[in-house]
$ cat entry.txt   # compact mmCIF, C-alpha atoms
# COMPACT_ATOMS: atom_id res chain seq x y z
CA GLU A 1064 0.00 0.00 0.00
CA ILE A 1065 2.78 2.42 0.91
CA LYS A 1066 4.72 1.62 -2.22
CA ASN A 1067 1.95 3.03 -4.45
CA TYR A 1068 0.73 5.68 -2.01
CA THR A 1069 -0.69 8.96 -3.37
CA LEU A 1070 -2.44 11.66 -1.32
CA THR A 1071 -5.22 13.61 -3.05
CA ILE A 1072 -5.58 17.16 -1.70
CA GLU A 1073 -9.12 18.55 -2.02
CA MET A 1074 -9.49 22.33 -2.32
CA ARG A 1075 -12.24 24.87 -2.75
CA GLU A 1076 -13.90 25.33 -6.13
CA ASP A 1077 -13.77 21.51 -6.61
CA ARG A 1078 -10.07 21.57 -7.38
CA THR A 1079 -7.62 18.81 -6.44
CA GLU A 1080 -3.86 18.24 -6.42
CA GLU A 1081 -1.75 15.21 -5.51
CA ILE A 1082 1.38 14.40 -3.57
CA ASN A 1083 3.07 11.14 -4.55
CA GLY A 1084 4.54 8.94 -1.81
CA LYS A 1085 7.79 8.37 -3.62
CA ASP A 1086 8.35 12.15 -3.87
CA ILE A 1087 8.52 12.31 -0.09
CA SER A 1088 10.42 9.01 0.39
CA ILE A 1089 7.60 7.37 2.32
CA GLU A 1090 8.28 3.91 3.87
CA PRO A 1091 6.78 1.67 6.58
CA GLN A 1092 8.12 1.78 10.08
CA PHE A 1093 6.41 -0.42 12.69
CA ASP A 1094 6.67 -0.15 16.44
CA GLY A 1095 6.76 -3.91 17.24
CA SER A 1096 3.19 -4.12 18.53
CA ILE A 1097 2.13 -6.64 15.87
CA GLU A 1098 4.92 -9.02 16.83
CA ASN A 1099 3.87 -8.76 20.47
CA LEU A 1100 0.28 -9.67 19.55
CA LEU A 1101 1.48 -12.73 17.65
CA LYS A 1102 3.56 -13.90 20.58
CA LYS A 1103 0.58 -13.66 22.92
CA GLN A 1104 -1.66 -15.67 20.59
CA ASN A 1105 -2.70 -19.17 21.82
CA GLU A 1106 -2.74 -21.43 18.79
CA PHE A 1107 -4.79 -24.04 20.62
CA GLU A 1108 -7.78 -21.71 20.89
CA TRP A 1109 -8.12 -21.29 17.18
CA MET A 1110 -11.50 -22.98 17.12
CA LEU A 1111 -12.96 -20.18 19.32
CA SER A 1112 -12.49 -17.77 16.45
CA PHE A 1113 -15.41 -19.49 14.71
CA PHE A 1114 -17.71 -18.30 17.52
CA LYS A 1115 -16.17 -15.05 18.69
CA LYS A 1116 -14.63 -12.11 16.91
CA TYR A 1117 -11.46 -10.49 18.23
CA ASP A 1118 -10.31 -6.95 17.32
CA TYR A 1119 -6.69 -5.90 17.69
CA GLN A 1120 -5.38 -2.41 16.97
CA SER A 1121 -1.87 -1.38 16.17
CA GLU A 1122 -0.87 2.09 15.03
CA THR A 1123 0.92 1.78 11.71
CA MET A 1124 4.00 3.92 11.73
CA VAL A 1125 5.03 5.66 8.54
CA ALA A 1126 8.34 7.32 7.93
CA TYR A 1127 8.88 10.06 5.31
CA ASP A 1128 11.32 12.80 4.41
CA GLU A 1129 9.92 15.80 6.26
CA THR A 1130 11.91 18.30 4.20
CA ALA A 1131 10.70 16.70 0.97
CA LEU A 1132 7.10 16.82 2.21
CA GLU A 1133 7.33 20.54 3.03
CA GLU A 1134 8.86 21.22 -0.39
CA ALA A 1135 6.07 19.23 -2.04
CA VAL A 1136 3.47 21.35 -0.22
CA GLU A 1137 5.24 24.58 -1.14
CA ASN A 1138 5.22 23.49 -4.79
CA LEU A 1139 1.45 22.95 -4.86
CA ASP A 1140 -0.36 25.38 -7.16
CA CYS A 1141 -2.93 26.16 -4.48
CA VAL A 1142 -0.37 27.67 -2.10
CA GLN A 1143 1.16 29.98 -4.71
CA GLU A 1144 0.24 33.57 -3.85
CA GLU A 1145 -0.62 34.49 -7.45
CA ASN A 1146 -3.17 31.66 -7.55
CA GLN A 1147 -4.96 32.69 -4.37
CA ILE A 1148 -8.01 34.94 -4.00
CA ALA A 1149 -8.01 37.05 -0.82
CA PRO A 1150 -11.03 36.82 1.50
CA VAL A 1151 -13.40 39.81 1.67
CA ASN A 1152 -15.32 40.68 4.81
CA ALA A 1153 -19.09 40.91 4.80
CA LYS A 1154 -20.21 44.56 4.68
CA VAL A 1155 -23.24 46.78 4.97
CA SER A 1156 -24.80 47.67 1.63
CA GLU A 1157 -25.52 51.15 0.37
CA TYR A 1158 -28.98 52.38 1.29
CA SER A 1159 -31.80 51.62 -1.10
CA GLU A 1160 -35.34 52.96 -0.88
CA GLU A 1161 -36.72 49.47 -1.45
CA ASN A 1162 -34.60 47.41 0.96
CA GLY A 1163 -32.95 49.89 3.27
CA TYR A 1164 -29.61 48.51 4.48
CA VAL A 1165 -28.77 44.81 4.00
CA ILE A 1166 -25.71 42.61 4.59
CA VAL A 1167 -23.47 42.01 1.58
CA PRO A 1168 -22.14 38.43 2.18
CA ALA A 1169 -18.46 37.77 2.72
CA GLU A 1170 -16.28 36.34 -0.05
CA TYR A 1171 -14.27 33.43 1.33
CA GLY A 1172 -11.59 33.36 -1.34
CA THR A 1173 -8.82 30.75 -1.61
CA THR A 1174 -6.01 32.11 0.53
CA LEU A 1175 -4.30 29.31 2.48
CA SER A 1176 -2.21 29.16 5.60
CA LYS A 1177 0.88 27.27 4.40
CA GLU A 1178 1.68 26.14 7.94
CA SER A 1179 -1.81 24.68 8.34
CA VAL A 1180 -1.57 22.86 5.00
CA ILE A 1181 1.78 21.27 5.96
CA ALA A 1182 0.39 20.11 9.32
CA VAL A 1183 -2.76 18.65 7.78
CA VAL A 1184 -0.81 16.88 5.01
CA LYS A 1185 1.59 15.36 7.57
CA ASP A 1186 -1.33 13.92 9.55
CA ALA A 1187 -2.88 12.52 6.37
CA VAL A 1188 0.38 10.85 5.27
CA ILE A 1189 0.98 9.27 8.68
CA SER A 1190 -2.49 7.69 8.60
CA LEU A 1191 -2.11 6.81 4.90
CA ALA A 1192 -5.32 8.72 4.09
CA GLU A 1193 -6.29 8.61 0.47
CA SER A 1194 -7.47 12.21 0.47
CA VAL A 1195 -7.66 15.23 2.71
CA SER A 1196 -9.92 18.33 2.53
CA LEU A 1197 -8.13 21.62 3.21
CA ASP A 1198 -11.47 23.37 3.74
CA GLU A 1199 -12.80 20.87 6.30
CA ASN A 1200 -9.52 21.00 8.17
CA GLY A 1201 -9.49 24.81 8.48
CA CYS A 1202 -6.51 25.56 6.24
CA TYR A 1203 -8.09 28.57 4.55
CA ILE A 1204 -7.81 32.11 5.90
CA ASP A 1205 -11.46 33.14 6.17
CA PRO A 1206 -12.98 36.65 6.42
CA GLU A 1207 -12.96 38.16 9.89
CA ILE A 1208 -16.56 39.35 9.46
CA THR A 1209 -19.19 37.11 7.90
CA GLN A 1210 -22.91 37.56 7.32
CA ASP A 1211 -23.48 35.53 10.49
CA SER A 1212 -21.42 37.87 12.67
CA GLU A 1213 -23.57 39.42 15.39
CA ASN A 1214 -21.92 42.84 15.13
CA ILE A 1215 -22.83 43.31 11.46
CA LYS A 1216 -26.37 42.05 12.07
CA ASN A 1217 -26.76 44.57 14.89
CA ALA A 1218 -25.28 47.34 12.74
CA VAL A 1219 -27.77 46.72 9.91
CA ASN A 1220 -30.72 46.59 12.30
CA THR A 1221 -29.64 49.84 13.98
CA LEU A 1222 -29.04 51.66 10.67
CA ASN A 1223 -32.49 50.65 9.44
CA GLN A 1224 -33.99 51.96 12.66
CA TYR A 1225 -32.16 55.27 12.22
CA VAL A 1226 -33.05 55.68 8.55
CA ASN A 1227 -36.73 54.95 9.16
CA THR A 1228 -36.96 58.04 11.37
CA LYS A 1229 -39.22 60.77 10.03
CA ILE A 1230 -39.12 64.21 11.67
CA THR A 1231 -41.59 66.91 10.65
CA TYR A 1232 -40.61 70.39 11.83
CA ASP A 1233 -43.57 72.66 12.52
CA PHE A 1234 -43.17 76.30 11.43
CA GLY A 1235 -46.84 77.20 11.57
CA GLU A 1236 -48.34 76.58 8.16
CA GLU A 1237 -44.92 75.70 6.79
CA LYS A 1238 -43.38 72.27 7.39
CA GLU A 1239 -39.88 70.86 6.98
CA VAL A 1240 -39.56 67.06 6.66
CA LEU A 1241 -36.37 65.14 7.46
CA ASP A 1242 -36.56 61.51 6.36
CA ALA A 1243 -34.60 58.68 4.76
CA SER A 1244 -33.94 60.65 1.58
CA VAL A 1245 -31.59 62.89 3.60
CA LEU A 1246 -30.76 60.74 6.62
CA ASN A 1247 -29.16 57.94 4.58
CA SER A 1248 -26.32 60.27 3.58
CA TRP A 1249 -25.55 60.87 7.28
CA LEU A 1250 -25.15 57.19 8.16
CA SER A 1251 -22.18 54.84 7.92
CA VAL A 1252 -20.45 52.06 9.89
CA SER A 1253 -17.04 52.12 11.51
CA ASP A 1254 -14.33 49.49 11.00
CA ALA A 1255 -15.59 47.92 14.23
CA MET A 1256 -19.09 47.67 12.70
CA GLU A 1257 -20.51 50.40 14.92
CA PRO A 1258 -23.28 52.57 13.37
CA VAL A 1259 -22.13 56.19 12.90
CA ILE A 1260 -24.25 59.33 12.50
CA SER A 1261 -22.22 62.12 10.90
CA GLU A 1262 -22.12 64.97 13.41
CA GLU A 1263 -20.84 67.30 10.69
CA LYS A 1264 -23.80 66.65 8.37
CA LEU A 1265 -26.26 66.83 11.24
CA SER A 1266 -24.77 70.15 12.30
CA ASP A 1267 -24.87 71.48 8.73
CA TYR A 1268 -28.56 70.55 8.50
CA VAL A 1269 -29.37 72.46 11.70
CA LYS A 1270 -27.39 75.46 10.42
CA THR A 1271 -29.38 75.39 7.17
CA LEU A 1272 -32.63 75.13 9.12
CA ALA A 1273 -31.64 78.14 11.23
CA ALA A 1274 -30.52 80.20 8.22
CA LYS A 1275 -33.84 79.56 6.51
CA HIS A 1276 -36.21 80.10 9.42
CA ASN A 1277 -34.45 82.45 11.84
CA THR A 1278 -35.89 85.98 11.67
CA ALA A 1279 -33.89 87.57 14.48
CA GLY A 1280 -31.48 90.14 13.05
CA LYS A 1281 -33.40 90.36 9.75
CA SER A 1282 -35.24 93.49 8.59
CA LYS A 1283 -39.03 93.56 8.89
CA THR A 1284 -41.66 95.30 6.81
CA LEU A 1285 -44.11 97.49 8.73
CA ASN A 1286 -47.32 99.12 7.51
CA MET A 1287 -46.96 102.44 9.32
CA THR A 1288 -49.87 104.03 11.15
CA ASP A 1289 -49.18 107.28 9.29
CA GLY A 1290 -49.42 105.47 5.95
CA GLY A 1291 -46.98 103.69 3.67
CA THR A 1292 -44.50 100.98 4.54
CA VAL A 1293 -41.04 101.01 6.03
CA GLU A 1294 -38.24 98.48 6.45
CA VAL A 1295 -37.30 98.18 10.11
CA PRO A 1296 -33.61 97.17 10.13
CA GLY A 1297 -32.07 94.28 12.04
CA GLY A 1298 -32.31 94.22 15.79
CA SER A 1299 -32.68 91.32 18.20
CA TYR A 1300 -36.38 90.48 17.83
CA GLY A 1301 -37.48 87.34 15.99
CA TRP A 1302 -37.33 83.57 15.86
CA LYS A 1303 -33.93 82.11 16.71
CA ILE A 1304 -33.17 78.37 16.79
CA ASP A 1305 -30.94 77.15 19.62
CA GLN A 1306 -28.59 75.21 17.39
CA ALA A 1307 -26.76 73.35 20.18
CA ALA A 1308 -30.01 72.20 21.79
CA GLU A 1309 -31.53 71.29 18.41
CA ARG A 1310 -28.47 69.21 17.44
CA GLU A 1311 -28.81 67.23 20.68
CA GLN A 1312 -32.57 66.74 20.29
CA LEU A 1313 -32.25 65.75 16.64
CA LEU A 1314 -29.56 63.18 17.47
CA ASN A 1315 -31.82 61.67 20.14
CA ASP A 1316 -34.78 61.58 17.73
CA ILE A 1317 -32.73 59.69 15.13
CA LYS A 1318 -31.41 57.19 17.66
CA ASN A 1319 -34.89 56.56 19.04
CA GLY A 1320 -36.41 56.22 15.56
CA GLY A 1321 -40.09 56.55 14.75
CA ILE A 1322 -42.33 59.37 13.57
CA VAL A 1323 -41.85 62.75 15.25
CA GLU A 1324 -43.60 66.09 14.68
CA ARG A 1325 -42.40 69.08 16.68
CA GLU A 1326 -41.06 72.61 16.68
CA PRO A 1327 -37.30 73.08 16.65
CA GLU A 1328 -35.56 73.96 19.90
CA TYR A 1329 -35.67 77.76 20.17
CA ALA A 1330 -33.33 80.13 21.97
CA GLN A 1331 -35.83 82.90 21.25
CA ARG A 1332 -39.43 82.96 20.06
CA ALA A 1333 -41.51 85.54 18.20
CA ASN A 1334 -45.25 86.30 18.01
CA SER A 1335 -46.09 84.75 14.66
CA TYR A 1336 -44.89 82.28 12.02
CA LYS A 1337 -47.16 83.78 9.41
CA GLY A 1338 -46.39 87.10 7.72
CA ASN A 1339 -44.36 89.45 9.89
CA ASP A 1340 -43.02 87.65 12.93
CA TYR A 1341 -44.05 90.45 15.32
CA GLY A 1342 -47.75 89.67 14.79
CA ASN A 1343 -50.41 92.27 15.68
CA SER A 1344 -49.26 93.29 19.18
CA TYR A 1345 -46.28 95.66 19.09
CA VAL A 1346 -44.88 99.12 19.81
CA GLU A 1347 -44.27 101.33 16.76
CA ILE A 1348 -41.65 104.06 17.31
CA ASN A 1349 -41.12 106.54 14.49
CA LEU A 1350 -37.95 108.55 15.28
CA THR A 1351 -38.53 110.92 12.37
CA SER A 1352 -42.01 112.00 13.48
CA GLN A 1353 -41.19 111.44 17.18
CA HIS A 1354 -44.43 109.53 17.54
CA LEU A 1355 -45.23 106.20 19.22
CA TYR A 1356 -48.16 103.82 18.70
CA LEU A 1357 -49.03 100.77 20.78
CA TYR A 1358 -51.08 97.99 19.18
CA LYS A 1359 -52.58 95.08 21.12
CA ASP A 1360 -54.27 92.25 19.23
CA GLY A 1361 -54.49 94.57 16.24
CA ALA A 1362 -56.24 97.41 18.10
CA LEU A 1363 -54.58 100.79 18.69
CA VAL A 1364 -54.18 101.29 22.45
CA ILE A 1365 -52.36 104.62 22.56
CA SER A 1366 -50.74 107.23 20.35
CA THR A 1367 -48.23 109.60 21.93
CA GLU A 1368 -45.34 111.94 21.20
CA PHE A 1369 -41.96 111.31 22.79
CA VAL A 1370 -38.38 112.55 22.92
CA SER A 1371 -35.65 110.16 21.75
CA GLY A 1372 -31.84 110.22 21.99
CA LYS A 1373 -29.94 113.45 21.54
CA VAL A 1374 -28.53 113.55 18.02
CA ALA A 1375 -26.10 116.43 18.63
CA THR A 1376 -24.09 114.38 21.14
CA GLY A 1377 -24.23 111.09 19.21
CA ASN A 1378 -26.84 109.54 21.51
CA ASP A 1379 -29.43 108.99 18.80
CA THR A 1380 -31.75 106.05 19.61
CA PRO A 1381 -30.70 102.98 17.56
CA THR A 1382 -33.19 101.69 15.00
CA GLY A 1383 -34.18 98.03 14.77
CA ALA A 1384 -36.67 95.43 15.94
CA TYR A 1385 -36.36 94.61 19.64
CA PHE A 1386 -38.48 93.17 22.43
CA ILE A 1387 -39.34 94.27 25.95
CA ASN A 1388 -36.71 92.73 28.22
CA SER A 1389 -38.36 93.53 31.55
CA LYS A 1390 -40.86 95.80 33.34
CA GLU A 1391 -40.12 97.73 36.52
CA THR A 1392 -41.74 100.50 38.55
CA GLU A 1393 -40.04 103.18 40.63
CA ARG A 1394 -36.58 102.73 39.21
CA THR A 1395 -33.62 105.11 39.42
CA LEU A 1396 -31.67 105.18 36.15
CA LYS A 1397 -28.00 106.01 36.54
CA GLY A 1398 -25.26 106.93 34.11
CA PRO A 1399 -21.86 108.66 34.13
CA ASP A 1400 -23.46 112.11 34.12
CA TYR A 1401 -27.06 111.57 35.19
CA GLU A 1402 -29.35 110.01 37.79
CA SER A 1403 -33.06 110.01 37.04
CA PHE A 1404 -36.00 108.54 38.94
CA VAL A 1405 -38.75 107.07 36.73
CA ASN A 1406 -42.11 105.57 37.60
CA TYR A 1407 -42.23 103.12 34.68
CA TRP A 1408 -39.15 101.47 33.18
CA MET A 1409 -39.44 99.26 30.06
CA PRO A 1410 -36.00 98.42 28.57
CA PHE A 1411 -35.87 96.90 25.06
CA ASN A 1412 -32.26 97.29 23.84
CA GLY A 1413 -29.72 96.84 26.61
CA ASP A 1414 -29.92 99.97 28.77
CA ILE A 1415 -32.15 101.75 26.26
CA GLY A 1416 -35.84 101.64 26.97
CA MET A 1417 -39.13 103.53 27.35
CA HIS A 1418 -39.86 105.48 30.51
CA ASP A 1419 -41.72 108.50 31.82
CA ALA A 1420 -39.83 111.82 31.95
CA THR A 1421 -41.45 114.05 34.58
CA TRP A 1422 -38.74 116.67 34.07
CA ARG A 1423 -40.05 117.46 30.59
CA SER A 1424 -42.99 119.73 29.92
CA SER A 1425 -43.23 119.01 26.18
CA PHE A 1426 -42.59 116.15 23.77
CA GLY A 1427 -42.26 115.60 20.03
CA GLY A 1428 -41.02 117.96 17.33
CA ASN A 1429 -37.24 118.49 17.03
CA ILE A 1430 -36.47 118.54 20.74
CA TYR A 1431 -34.44 115.35 20.38
CA LEU A 1432 -31.91 116.90 18.00
CA ARG A 1433 -30.18 119.03 20.67
CA GLY A 1434 -32.22 118.39 23.78
CA GLY A 1435 -32.84 114.66 23.59
CA SER A 1436 -32.12 111.85 26.01
CA HIS A 1437 -29.12 109.57 26.41
CA GLY A 1438 -30.86 107.16 23.99
CA CYS A 1439 -34.08 106.25 25.79
CA ILE A 1440 -37.63 107.06 24.69
CA ASN A 1441 -38.88 109.77 27.07
CA LEU A 1442 -42.67 109.69 27.51
CA PRO A 1443 -45.38 111.66 29.29
CA VAL A 1444 -46.25 109.97 32.60
CA SER A 1445 -49.80 109.09 31.55
CA ALA A 1446 -48.58 107.54 28.29
CA ALA A 1447 -45.87 105.54 30.06
CA LYS A 1448 -48.46 104.25 32.55
CA THR A 1449 -50.81 103.11 29.78
CA ILE A 1450 -48.03 101.44 27.81
CA PHE A 1451 -46.72 99.71 30.96
CA ALA A 1452 -50.18 98.28 31.69
CA ASN A 1453 -50.66 96.92 28.16
CA ILE A 1454 -47.35 95.31 27.26
CA GLU A 1455 -45.68 92.11 28.38
CA VAL A 1456 -42.07 90.97 28.50
CA GLY A 1457 -41.34 89.89 24.93
CA THR A 1458 -43.59 92.46 23.24
CA PRO A 1459 -41.95 93.61 19.96
CA VAL A 1460 -40.64 97.17 19.76
CA LEU A 1461 -40.12 98.45 16.19
CA VAL A 1462 -37.85 101.51 16.01
CA PHE A 1463 -37.30 103.19 12.63
CA ARG A 1464 -36.78 106.35 10.63
CA THR A 1465 -38.60 107.46 7.51
CA GLU A 1466 -36.01 110.14 6.73
CA PRO A 1467 -32.26 110.46 7.35
CA VAL A 1468 -31.07 111.93 10.64
CA PRO A 1469 -30.95 115.74 10.30
CA ASP A 1470 -27.52 117.37 10.21
CA VAL A 1471 -27.07 119.18 13.51
CA THR A 1472 -23.51 120.33 12.77
CA GLU A 1473 -24.74 123.35 10.75
CA THR A 1474 -24.78 126.83 12.25
CA VAL A 1475 -28.24 127.42 13.69
CA ALA A 1476 -29.90 130.78 13.53
CA PRO A 1477 -30.55 132.39 16.97
CA GLU A 1478 -34.29 132.56 16.36
CA VAL A 1479 -34.35 128.76 15.86
CA ILE A 1480 -32.59 128.23 19.16
CA ILE A 1481 -34.96 130.68 20.90
CA ALA A 1482 -37.94 128.83 19.40
CA GLU A 1483 -36.61 125.52 20.69
CA ILE A 1484 -35.99 126.98 24.16
CA ASN A 1485 -39.51 128.38 24.25
CA SER A 1486 -40.93 124.98 23.21
CA ILE A 1487 -39.08 123.35 26.06
$ encode --input "entry.txt" --output "C-alpha cells"
Amino acid sequence: EIKNYTLTIEMREDRTEEINGKDISIEPQFDGSIENLLKKQNEFEWMLSFFKKYDYQSETMVAYDETALEEAVENLDCVQEENQIAPVNAKVSEYSEENGYVIVPAEYGTTLSKESVIAVVKDAVISLAESVSLDENGCYIDPEITQDSENIKNAVNTLNQYVNTKITYDFGEEKEVLDASVLNSWLSVSDAMEPVISEEKLSDYVKTLAAKHNTAGKSKTLNMTDGGTVEVPGGSYGWKIDQAAEREQLLNDIKNGGIVEREPEYAQRANSYKGNDYGNSYVEINLTSQHLYLYKDGALVISTEFVSGKVATGNDTPTGAYFINSKETERTLKGPDYESFVNYWMPFNGDIGMHDATWRSSFGGNIYLRGGSHGCINLPVSAAKTIFANIEVGTPVLVFRTEPVPDVTETVAPEVIIAEINSI
C-alpha cells in the first residue's frame, strides 16, 4: 500500500492536487506491537475464532522525508500567492429605498495558511489517508466578518432603525420634513461595525434650518400708522433656533427612531410664524415724526409723542426690531453724568428703553436733536403708565426712521434756538 501511495488534496472550487509517496520518500516503520500480539496468541484456541470475533489495533508507523514533504506542499499550485483569491469581509450595503440597508455576504476566497496545510498533510500521510480536505480542516484564511457575525447584524438593524426616522418640523403653516432621503447620507459604519451618524452633516442641517427660518437680526416690513410701509432694520427680535439644543434633540430623535412632529428647539421665540413675525401686538416708534403707537391684538391702544436720543451728542436712539426685556416701577436710572427717577421702566435694547420723563414739559417735534435723552424714549407719565399696563415681556418694539437723521452740525440761527428753548 505504501509503495503506491498517493495523497489527493481537495481544495475549494472543486479543485484537487496530488502528492506522490515516492516524492517524499515514504516507507513503513512499525513499532513492534504486531509481533507482540502474535507472541501472545494461543494457537490451541483457534477454534474459538469461529464463535467469537477479536479486534486488535496497532498504530501503523510511517516514515517520510519531512523536508521533501514541506517542499512538495510549497510546490502545490494552491499555495502559490498568485493563484490565491483574498477573503473579503461581509459589509453593509448602500442604502436603497426598497430594501434599506442589507448585509453584503463575505467572499471566502482561496487564501491558504501554508503552515496549516503542511500540518494537515503530515497527519494525512501518517495515517495513509487517500485524500484530505483543506477546507474541512481549516486551512483557509477566512474573512474576519461574515454575514453571520452578530456585530454586522446589529449594525444593519440599527441603521435601518435610524433611517426609518421621520421628523416633521412645525413652522406654523410651513413644514420641513427630514426623512430617509436625507438621513441615509448621514449614516455609515465604523471598522468595528458600529453605526455612525455624521455629526458634521447633522450640524450642517441644523445650520441650514436656522438660516432659513431664523428671523432675528433680519429686517421687517411694517405698515406704518401714518401710511406707507417702512423696512425696520435688524435688531434682536425674531425667531432664533438654539442650534446646540436642536443638534442634541435631533440626534436623540434619530437614535430613538419613529415618527416625530415638533417645533425646533428655540433660543428665542416671536409672536407669529405667518407674515411678519411680530404679529399684531407691538410698539411702533417713528424717530422721524417722534411719535409712538401701541397695538394690542391689532387694536390701537395709545398714540403719543416722545423725545428720543440726543442727536447732537451722538446719543441717537438705535433703530431696529427689539423686544421688551423687563418691566419695573419706581426705578432710578444712573449713568456717568445723570441720575433720574422714573415711575415706569421698560428696557428693550440693553440699557435703552421707554420710561416717563417728569422733568419734561413738552414732547415731540425736534427737541431730540439738541435736547434729547441719552438714547431712551422719554414719555409723558400718563402715556408711560398706559403702555406699561398693556405690554408684556417679549412684546416687539419696532424703532425706525422714515427720513435720514438731520444734520445738527450746521450753524443754527438764533431765532431757531430761541424757538426751541420756548418749546421746552
$ atom_distance --input "entry.txt" --atom1 "atom CA of Gly1320 of chain A" --atom2 "atom CA of Glu1239 of chain A"
17.3 Å
$ residues_around --input "entry.txt" --residues "Pro1150 of chain A" --least-positions-apart "4" --cutoff "8 Å" --atoms "all atoms listed in the file" --output "ChimeraX atom specification"
/A:1169-1174,1204-1206
$ closest_atom_pairs --input "entry.txt" --of "segment 1180-1293 of chain A" --to "segment 1451-1471 of chain A" --cutoff "12 Å" --atoms "all atoms listed in the file" --output "CSV"
residue,atom,partner,partner_atom,distance
A:Ala1279,CA,A:Pro1459,CA,11.5
A:Ser1282,CA,A:Leu1461,CA,10.3
A:Lys1283,CA,A:Leu1461,CA,8.9
A:Thr1284,CA,A:Leu1461,CA,10.0
A:Leu1285,CA,A:Leu1461,CA,8.5
A:Asn1286,CA,A:Leu1461,CA,11.3
A:Met1287,CA,A:Thr1465,CA,9.9
A:Asp1289,CA,A:Thr1465,CA,10.7
A:Gly1290,CA,A:Thr1465,CA,11.1
A:Gly1291,CA,A:Thr1465,CA,10.0
A:Thr1292,CA,A:Thr1465,CA,9.3
A:Val1293,CA,A:Thr1465,CA,7.1
$ atom_distance --input "entry.txt" --atom1 "atom CA of Gly1235 of chain A" --atom2 "atom CA of Arg1325 of chain A"
10.6 Å
$ closest_residue --input "entry.txt" --among "A:Asn1485, A:Gln1224, A:Ser1244, A:Ser1366" --to "Thr1449 of chain A" --atoms "all atoms listed in the file"
A:Ser1366
$ atom_distance --input "entry.txt" --atom1 "atom CA of Met1409 of chain A" --atom2 "atom CA of Lys1390 of chain A"
5.0 Å
$ closest_residue --input "entry.txt" --among "A:Asn1319, A:Leu1363, A:Lys1281, A:Gly1301" --to "Tyr1341 of chain A" --atoms "all atoms listed in the file"
A:Gly1301
$ closest_residue --input "entry.txt" --among "A:Gln1353, A:Thr1130, A:Asn1200, A:Asn1217" --to "Ile1166 of chain A" --atoms "all atoms listed in the file"
A:Asn1217
$ closest_residue --input "entry.txt" --among "A:Leu1396, A:Val1151, A:Leu1442, A:Ile1304" --to "Ser1425 of chain A" --atoms "only C-alpha atoms"
A:Leu1442
$ residues_around --input "entry.txt" --residues "His1354 of chain A" --least-positions-apart "3" --cutoff "8 Å" --atoms "only C-alpha atoms" --output "VMD selection string"
chain A and resid 1348 to 1351 1366 to 1369 1427
$ closest_residue --input "entry.txt" --among "A:Ala1447, A:Ala1330, A:Leu1139, A:Val1167" --to "Asp1419 of chain A" --atoms "only C-alpha atoms"
A:Ala1447
$ axis_aligned_box --input "entry.txt" --around "segment 1257-1276 of chain A" --padding-each-side "6 Å" --output "lines of an AutoDock Vina configuration file"
center_x = -28.4
center_y = 65.3
center_z = 10.7
size_x = 27.7
size_y = 41.8
size_z = 20.4
$ residues_around --input "entry.txt" --residues "Leu1241 of chain A" --least-positions-apart "3" --cutoff "8 Å" --atoms "only C-alpha atoms" --output "JSON, numbers by chain"
{"A": [1229, 1230, 1231, 1244, 1245, 1246]}
$ residues_around --input "entry.txt" --residues "Asn1378 of chain A" --least-positions-apart "4" --cutoff "9 Å" --atoms "all atoms listed in the file" --output "PyMOL selection string"
chain A and resi 1371-1374+1435-1438
$ closest_residue --input "entry.txt" --among "A:Ile1387, A:Val1125, A:Ile1430, A:Leu1101" --to "Ile1415 of chain A" --atoms "all atoms listed in the file"
A:Ile1387
$ residues_around --input "entry.txt" --residues "Asn1138 of chain A" --least-positions-apart "2" --cutoff "12 Å" --atoms "only C-alpha atoms" --output "compact mmCIF listing (two decimals) with C-alpha atoms, keeping the file's coordinate frame"
# COMPACT_ATOMS: atom_id res chain seq x y z
CA GLU A 1080 -3.86 18.24 -6.42
CA GLU A 1081 -1.75 15.21 -5.51
CA ILE A 1082 1.38 14.40 -3.57
CA ASP A 1086 8.35 12.15 -3.87
CA ALA A 1131 10.70 16.70 0.97
CA LEU A 1132 7.10 16.82 2.21
CA GLU A 1133 7.33 20.54 3.03
CA GLU A 1134 8.86 21.22 -0.39
CA ALA A 1135 6.07 19.23 -2.04
CA VAL A 1136 3.47 21.35 -0.22
CA ASP A 1140 -0.36 25.38 -7.16
CA CYS A 1141 -2.93 26.16 -4.48
CA VAL A 1142 -0.37 27.67 -2.10
CA GLN A 1143 1.16 29.98 -4.71
CA GLU A 1144 0.24 33.57 -3.85
CA LYS A 1177 0.88 27.27 4.40
CA VAL A 1180 -1.57 22.86 5.00
CA ILE A 1181 1.78 21.27 5.96
$ build_atoms --input "entry.txt" --residues "segment 1262-1269 of chain A" --atoms "N, CA and C atoms" --output "PDB file, keeping the file's coordinate frame"
ATOM      1  N   GLU A1262     -21.832  63.758  12.647  1.00  0.00           N
ATOM      2  CA  GLU A1262     -22.120  64.970  13.410  1.00  0.00           C
ATOM      3  C   GLU A1262     -21.974  66.221  12.532  1.00  0.00           C
ATOM      4  N   GLU A1263     -21.056  66.155  11.574  1.00  0.00           N
ATOM      5  CA  GLU A1263     -20.840  67.300  10.690  1.00  0.00           C
ATOM      6  C   GLU A1263     -22.080  67.555   9.821  1.00  0.00           C
ATOM      7  N   LYS A1264     -22.631  66.479   9.233  1.00  0.00           N
ATOM      8  CA  LYS A1264     -23.800  66.650   8.370  1.00  0.00           C
ATOM      9  C   LYS A1264     -25.037  67.025   9.173  1.00  0.00           C
ATOM     10  N   LEU A1265     -25.153  66.453  10.367  1.00  0.00           N
ATOM     11  CA  LEU A1265     -26.260  66.830  11.240  1.00  0.00           C
ATOM     12  C   LEU A1265     -26.176  68.307  11.600  1.00  0.00           C
ATOM     13  N   SER A1266     -24.982  68.745  11.936  1.00  0.00           N
ATOM     14  CA  SER A1266     -24.770  70.150  12.300  1.00  0.00           C
ATOM     15  C   SER A1266     -25.055  71.077  11.116  1.00  0.00           C
ATOM     16  N   ASP A1267     -24.615  70.668   9.929  1.00  0.00           N
ATOM     17  CA  ASP A1267     -24.870  71.480   8.730  1.00  0.00           C
ATOM     18  C   ASP A1267     -26.376  71.600   8.465  1.00  0.00           C
ATOM     19  N   TYR A1268     -27.101  70.512   8.720  1.00  0.00           N
ATOM     20  CA  TYR A1268     -28.560  70.550   8.500  1.00  0.00           C
ATOM     21  C   TYR A1268     -29.209  71.552   9.453  1.00  0.00           C
ATOM     22  N   VAL A1269     -28.801  71.529  10.719  1.00  0.00           N
ATOM     23  CA  VAL A1269     -29.370  72.460  11.700  1.00  0.00           C
ATOM     24  C   VAL A1269     -29.020  73.901  11.334  1.00  0.00           C
TER      25      VAL A1269
END
